[in-house]
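Chemist: One file is attached below, target07.cif, containing mmCIF, C-alpha atoms; chains and numbers go by the auth columns.
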```cif
data_final
#
loop_
_atom_site.group_PDB
_atom_site.id
_atom_site.type_symbol
_atom_site.label_atom_id
_atom_site.label_comp_id
_atom_site.label_asym_id
_atom_site.label_seq_id
_atom_site.Cartn_x
_atom_site.Cartn_y
_atom_site.Cartn_z
_atom_site.B_iso_or_equiv
_atom_site.auth_seq_id
_atom_site.auth_asym_id
ATOM 1 C CA TRP A 1 106.335 102.052 93.372 0.00 189 B
ATOM 2 C CA LEU A 2 107.316 98.417 93.729 0.00 190 B
ATOM 3 C CA ARG A 3 106.772 98.663 97.474 0.00 191 B
ATOM 4 C CA ALA A 4 103.347 100.235 96.880 0.00 192 B
ATOM 5 C CA LEU A 5 102.417 97.552 94.358 0.00 193 B
ATOM 6 C CA LEU A 6 103.393 94.752 96.746 0.00 194 B
ATOM 7 C CA ALA A 7 101.547 96.408 99.641 0.00 195 B
ATOM 8 C CA ASP A 8 98.428 96.735 97.447 0.00 196 B
ATOM 9 C CA ILE A 9 98.371 92.984 96.853 0.00 197 B
ATOM 10 C CA ASP A 10 99.295 91.993 100.416 0.00 198 B
ATOM 11 C CA GLU A 11 102.698 90.614 99.460 0.00 199 B
ATOM 12 C CA PRO A 12 105.882 91.030 101.512 0.00 200 B
ATOM 13 C CA PRO A 13 108.122 93.984 100.669 0.00 201 B
ATOM 14 C CA PRO A 14 111.002 93.475 98.246 0.00 202 B
ATOM 15 C CA PRO A 15 114.536 92.805 99.503 0.00 203 B
ATOM 16 C CA GLU A 16 116.403 95.810 100.873 0.00 204 B
ATOM 17 C CA ASP A 17 118.704 95.911 97.850 0.00 205 B
ATOM 18 C CA ALA A 18 115.871 95.644 95.300 0.00 206 B
ATOM 19 C CA GLU A 19 116.215 99.219 94.030 0.00 207 B
ATOM 20 C CA LEU A 20 119.939 98.800 93.314 0.00 208 B
ATOM 21 C CA ARG A 21 119.429 95.421 91.671 0.00 209 B
ATOM 22 C CA ILE A 22 116.533 96.653 89.526 0.00 210 B
ATOM 23 C CA ARG A 23 118.557 99.652 88.354 0.00 211 B
ATOM 24 C CA ALA A 24 121.501 97.415 87.461 0.00 212 B
ATOM 25 C CA ASP A 25 119.373 94.729 85.800 0.00 213 B
ATOM 26 C CA GLY A 26 117.089 97.023 83.828 0.00 214 B
ATOM 27 C CA PHE A 27 119.025 100.119 82.965 0.00 215 B
ATOM 28 C CA GLY A 28 122.534 98.952 82.152 0.00 216 B
ATOM 29 C CA GLY A 29 124.161 97.818 78.922 0.00 217 B
ATOM 30 C CA ASP A 30 122.253 94.509 78.813 0.00 218 B
ATOM 31 C CA PRO A 31 118.786 95.238 80.238 0.00 219 B
ATOM 32 C CA ALA A 32 116.773 92.278 81.485 0.00 220 B
ATOM 33 C CA PHE A 33 113.478 94.144 81.068 0.00 221 B
ATOM 34 C CA THR A 34 111.810 97.235 79.654 0.00 222 B
ATOM 35 C CA ALA A 35 109.807 99.700 81.702 0.00 223 B
ATOM 36 C CA LEU A 36 107.358 102.359 80.537 0.00 224 B
ATOM 37 C CA ILE A 37 106.141 105.147 82.785 0.00 225 B
ATOM 38 C CA ALA A 38 102.856 106.979 82.265 0.00 226 B
ATOM 39 C CA GLU A 39 102.803 110.583 83.328 0.00 227 B
ATOM 40 C CA ARG A 40 100.594 113.638 83.031 0.00 228 B
ATOM 41 C CA ALA A 41 102.108 117.114 83.303 0.00 229 B
ATOM 42 C CA ALA A 42 105.410 115.501 84.396 0.00 230 B
ATOM 43 C CA VAL A 43 103.656 113.704 87.295 0.00 231 B
ATOM 44 C CA PRO A 44 104.171 109.915 87.201 0.00 232 B
ATOM 45 C CA LEU A 45 100.894 107.996 87.206 0.00 233 B
ATOM 46 C CA GLY A 46 102.001 104.394 86.776 0.00 234 B
ATOM 47 C CA TYR A 47 104.379 101.964 85.154 0.00 235 B
ATOM 48 C CA VAL A 48 104.525 98.689 83.301 0.00 236 B
ATOM 49 C CA LEU A 49 107.525 96.365 83.307 0.00 237 B
ATOM 50 C CA TYR A 50 107.975 93.538 80.774 0.00 238 B
ATOM 51 C CA TRP A 51 110.465 91.457 78.781 0.00 239 B
ATOM 52 C CA PRO A 52 110.423 89.254 75.669 0.00 240 B
ATOM 53 C CA THR A 53 109.342 85.622 75.809 0.00 241 B
ATOM 54 C CA TYR A 54 108.709 82.841 73.325 0.00 242 B
ATOM 55 C CA ASP A 55 106.076 80.123 72.928 0.00 243 B
ATOM 56 C CA THR A 56 107.095 76.965 71.060 0.00 244 B
ATOM 57 C CA GLU A 57 103.497 75.735 70.713 0.00 245 B
ATOM 58 C CA THR A 58 102.655 78.684 68.481 0.00 246 B
ATOM 59 C CA ALA A 59 106.229 79.309 67.323 0.00 247 B
ATOM 60 C CA GLY A 60 105.716 82.900 68.313 0.00 248 B
ATOM 61 C CA ARG A 61 107.287 85.751 70.143 0.00 249 B
ATOM 62 C CA GLY A 62 105.494 87.460 72.983 0.00 250 B
ATOM 63 C CA LEU A 63 105.942 89.632 76.038 0.00 251 B
ATOM 64 C CA TRP A 64 105.944 88.599 79.664 0.00 252 B
ATOM 65 C CA LEU A 65 104.261 91.233 81.837 0.00 253 B
ATOM 66 C CA SER A 66 105.896 91.476 85.235 0.00 254 B
ATOM 67 C CA ASP A 67 104.339 94.563 86.813 0.00 255 B
ATOM 68 C CA LEU A 68 101.504 96.938 86.054 0.00 256 B
ATOM 69 C CA TYR A 69 100.953 99.582 88.686 0.00 257 B
ATOM 70 C CA VAL A 70 98.853 102.740 88.661 0.00 258 B
ATOM 71 C CA VAL A 71 98.941 105.155 91.587 0.00 259 B
ATOM 72 C CA PRO A 72 95.654 105.127 93.509 0.00 260 B
ATOM 73 C CA GLY A 73 94.673 108.676 92.477 0.00 261 B
ATOM 74 C CA ALA A 74 94.981 107.807 88.784 0.00 262 B
ATOM 75 C CA ARG A 75 93.053 104.539 88.837 0.00 263 B
ATOM 76 C CA ARG A 76 89.891 104.329 86.753 0.00 264 B
ATOM 77 C CA SER A 77 91.290 106.997 84.406 0.00 265 B
ATOM 78 C CA ASN A 78 92.439 104.550 81.705 0.00 266 B
ATOM 79 C CA VAL A 79 96.153 104.706 82.654 0.00 267 B
ATOM 80 C CA GLY A 80 96.470 100.924 83.037 0.00 268 B
ATOM 81 C CA ARG A 81 94.796 100.291 79.700 0.00 269 B
ATOM 82 C CA ILE A 82 96.996 102.900 77.994 0.00 270 B
ATOM 83 C CA LEU A 83 100.120 101.223 79.390 0.00 271 B
ATOM 84 C CA MET A 84 98.904 97.802 78.265 0.00 272 B
ATOM 85 C CA ALA A 85 98.065 99.150 74.803 0.00 273 B
ATOM 86 C CA ALA A 86 101.545 100.668 74.588 0.00 274 B
ATOM 87 C CA ILE A 87 103.276 97.360 75.263 0.00 275 B
ATOM 88 C CA ALA A 88 100.881 95.557 72.898 0.00 276 B
ATOM 89 C CA ARG A 89 101.883 98.012 70.166 0.00 277 B
ATOM 90 C CA ARG A 90 105.552 97.409 70.938 0.00 278 B
ATOM 91 C CA ALA A 91 104.908 93.664 70.866 0.00 279 B
ATOM 92 C CA VAL A 92 103.296 93.868 67.429 0.00 280 B
ATOM 93 C CA ALA A 93 106.160 96.024 66.150 0.00 281 B
ATOM 94 C CA GLY A 94 108.576 93.312 67.328 0.00 282 B
ATOM 95 C CA ASP A 95 106.574 90.566 65.581 0.00 283 B
ATOM 96 C CA ALA A 96 105.135 89.339 68.891 0.00 284 B
ATOM 97 C CA ARG A 97 101.683 87.796 69.118 0.00 285 B
ATOM 98 C CA PHE A 98 100.754 87.739 72.797 0.00 286 B
ATOM 99 C CA ILE A 99 101.260 89.035 76.314 0.00 287 B
ATOM 100 C CA ASN A 100 101.564 86.540 79.186 0.00 288 B
ATOM 101 C CA LEU A 101 101.098 87.447 82.825 0.00 289 B
ATOM 102 C CA LEU A 102 100.305 85.987 86.213 0.00 290 B
ATOM 103 C CA VAL A 103 97.848 87.570 88.590 0.00 291 B
ATOM 104 C CA LEU A 104 97.147 86.504 92.141 0.00 292 B
ATOM 105 C CA GLU A 105 93.871 84.598 92.449 0.00 293 B
ATOM 106 C CA ARG A 106 92.837 86.829 95.341 0.00 294 B
ATOM 107 C CA ASN A 107 93.486 90.069 93.403 0.00 295 B
ATOM 108 C CA GLN A 108 89.957 90.474 92.097 0.00 296 B
ATOM 109 C CA ARG A 109 90.438 94.087 90.904 0.00 297 B
ATOM 110 C CA ALA A 110 93.385 93.109 88.730 0.00 298 B
ATOM 111 C CA ARG A 111 91.633 90.009 87.427 0.00 299 B
ATOM 112 C CA ALA A 112 88.595 92.074 86.428 0.00 300 B
ATOM 113 C CA PHE A 113 90.849 94.555 84.618 0.00 301 B
ATOM 114 C CA TYR A 114 92.810 91.868 82.771 0.00 302 B
ATOM 115 C CA ARG A 115 89.582 90.159 81.683 0.00 303 B
ATOM 116 C CA THR A 116 88.720 93.374 79.790 0.00 304 B
ATOM 117 C CA ILE A 117 91.783 92.874 77.578 0.00 305 B
ATOM 118 C CA GLY A 118 92.293 89.121 77.586 0.00 306 B
ATOM 119 C CA GLN A 119 91.094 85.925 79.159 0.00 307 B
ATOM 120 C CA GLU A 120 91.917 83.841 82.168 0.00 308 B
ATOM 121 C CA TRP A 121 93.440 80.504 81.256 0.00 309 B
ATOM 122 C CA HIS A 122 92.419 77.536 83.393 0.00 310 B
ATOM 123 C CA GLU A 123 94.170 74.765 81.509 0.00 311 B
ATOM 124 C CA GLY A 124 97.396 74.779 83.488 0.00 312 B
ATOM 125 C CA TYR A 125 99.071 75.701 86.736 0.00 313 B
ATOM 126 C CA ALA A 126 101.734 78.259 87.454 0.00 314 B
ATOM 127 C CA CYS A 127 104.821 76.558 88.848 0.00 315 B
ATOM 128 C CA LEU A 128 107.775 78.221 90.509 0.00 316 B
ATOM 129 C CA CYS A 129 111.250 76.899 91.118 0.00 317 B
ATOM 130 C CA ALA A 130 112.958 79.344 93.500 0.00 318 B
ATOM 131 C CA GLY A 131 114.908 79.629 96.712 0.00 319 B
ATOM 132 C CA GLU A 132 116.445 76.478 98.151 0.00 320 B
ATOM 133 C CA ARG A 133 114.828 74.216 95.550 0.00 321 B
ATOM 134 C CA PHE A 134 116.215 76.380 92.738 0.00 322 B
ATOM 135 C CA ASN A 135 119.689 76.317 94.274 0.00 323 B
ATOM 136 C CA ALA A 136 119.522 72.559 94.781 0.00 324 B
ATOM 137 C CA LEU A 137 118.475 72.039 91.164 0.00 325 B
ATOM 138 C CA ALA A 138 121.324 74.230 89.916 0.00 326 B
ATOM 139 C CA ASP A 139 123.755 72.231 92.069 0.00 327 B
ATOM 140 C CA GLU A 140 122.675 69.028 90.267 0.00 328 B
ATOM 141 C CA ALA A 141 123.969 70.273 86.918 0.00 329 B
ATOM 142 C CA PRO A 142 127.360 69.129 85.678 0.00 330 B
ATOM 143 C CA ALA A 143 130.015 71.813 85.481 0.00 331 B
ATOM 144 C CA ILE A 144 129.949 73.736 82.231 0.00 332 B
ATOM 145 C CA ALA A 145 133.301 74.589 80.766 0.00 333 B
#
```
Show how you would write the structure in this file as structure tokens.

Modeler:
Amino acid sequence: WLRALLADIDEPPPPEDAELRIRADGFGGDPAFTALIAERAAVPLGYVLYWPTYDTETAGRGLWLSDLYVVPGARRSNVGRILMAAIARRAVAGDARFINLLVLERNQRARAFYRTIGQEWHEGYACLCAGERFNALADEAPAIA
């Protein structure tokens, strides 16, 4: 589904080893994320992938939404909203107060959906430190014993 999600939003495919890395990172003894799968009559319809986060400004726990994907044949049947409601309920049960996410500016369908459950925030910019710049920054750090 990750490949389908990325194709839907005109992003490059994941690395060749993505499936192995995702299995190891999410389904081992120390999972880096949680995933929920929606299904009907044992047929998968979509998934949501998230992990805990924290906001110091509000001194509150929250969730960071990584992926929300619904198969094309199940779209407009409330599956996405059900998945979002499920993680919101889990967030509340874990004393969390919000869900954060990023959505591509050009992904108008997703933006319209997310506006039905939240609001777009125009007071900041998403910044990313990755690739060579990430590695260079890590190399600047003193050795940790």

Chemist: What does the distance between atom CA of Leu271 of chain B and atom CA of Ile305 of chain B come to in Å, to one decimal place?

Modeler: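 These atoms are spaced 11.9 Å apart.
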
Chemist: Give as a count of residues only every residue, naming chains and numbers as the document does, that has an atom within 12 Å of (101.7, 89.1, 70.4), counting all atoms listed in the file.

Modeler: 28

Chemist: Evaluated on this file, the PyMOL selection byres ((chain B and resi 224-235) around 8) picks out some residues - which ones are they, written as a PDB file with C-alpha atoms, keeping the file's coordinate frame?

Modeler:
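Full text of out_21.pdb as output:
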```
ATOM      1  CA  THR B 222     111.810  97.235  79.654  1.00  0.00           C
ATOM      2  CA  ALA B 223     109.807  99.700  81.702  1.00  0.00           C
ATOM      3  CA  VAL B 236     104.525  98.689  83.301  1.00  0.00           C
ATOM      4  CA  LEU B 237     107.525  96.365  83.307  1.00  0.00           C
ATOM      5  CA  ASP B 255     104.339  94.563  86.813  1.00  0.00           C
ATOM      6  CA  LEU B 256     101.504  96.938  86.054  1.00  0.00           C
ATOM      7  CA  TYR B 257     100.953  99.582  88.686  1.00  0.00           C
ATOM      8  CA  VAL B 258      98.853 102.740  88.661  1.00  0.00           C
ATOM      9  CA  VAL B 259      98.941 105.155  91.587  1.00  0.00           C
ATOM     10  CA  ALA B 262      94.981 107.807  88.784  1.00  0.00           C
ATOM     11  CA  VAL B 267      96.153 104.706  82.654  1.00  0.00           C
ATOM     12  CA  GLY B 268      96.470 100.924  83.037  1.00  0.00           C
ATOM     13  CA  LEU B 271     100.120 101.223  79.390  1.00  0.00           C
TER      14      LEU B 271
END
```

Chemist: Looking at all atoms listed in the file, which of B:Ala274, B:Ala212, B:Leu289, B:Leu325 is the one that sits closest to Glu308 of chain B?

Modeler: B:Leu289

Chemist: If we count all atoms listed in the file and set the cut-off at 12 Å, which residues sit around Leu290 of chain B, ignoring sequence neighbours fewer than 5 positions away in its own chain? Please answer as a list of chain:residue names.

Modeler: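 Surrounding residues, per the criterion: B:Trp252, B:Leu253, B:Ser254, B:Asp255, B:Leu256, B:Asn295, B:Ala298, B:Arg299, B:Tyr302, B:Gln307, B:Glu308, B:Trp309, B:His310, B:Gly312, B:Tyr313, B:Ala314, B:Cys315, B:Leu316.
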
Chemist: Report, in Å with one decimal, the straight-line distance from atom CA of Glu204 of chain B to atom CA of Gly319 of chain B.

Modeler: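 Going from atom CA of Glu204 of chain B over to atom CA of Gly319 of chain B, I get 16.8 Å.
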
Chemist: Quick one: residues within 12 Å of Asp198 of chain B, only C-alpha atoms counted, chain neighbours fewer than 6 positions away excluded, as a list in words?

Modeler: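 Listed by chain and then number, they are Arg191, Ala192, Leu292, Arg294 and Asn295 of chain B.
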
Chemist: What is the atom CA of Arg269 of chain B to atom CA of Gln296 of chain B distance in Å?

Modeler: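 Value for the atom CA of Arg269 of chain B-atom CA of Gln296 of chain B distance: 16.5 Å.
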
Chemist: Using all atoms listed in the file, pick whichever of B:Trp239, B:Ala220, B:Arg211, B:Val291 has the shortest atom-to-atom distance to Arg303 of chain B.

Modeler: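 The answer is B:Val291, which sits nearest to Arg303 of chain B.
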
Chemist: As AutoDock Vina command-line options, please: the centre and edge lengths in Å, to one decimal, of an axis-aligned box enclosing every listed atom of segment 292-301 of chain B with 4 Å added on each side.

Modeler:
```
--center_x 92.9 --center_y 89.6 --center_z 90.0 --size_x 16.6 --size_y 18.0 --size_z 18.7
```
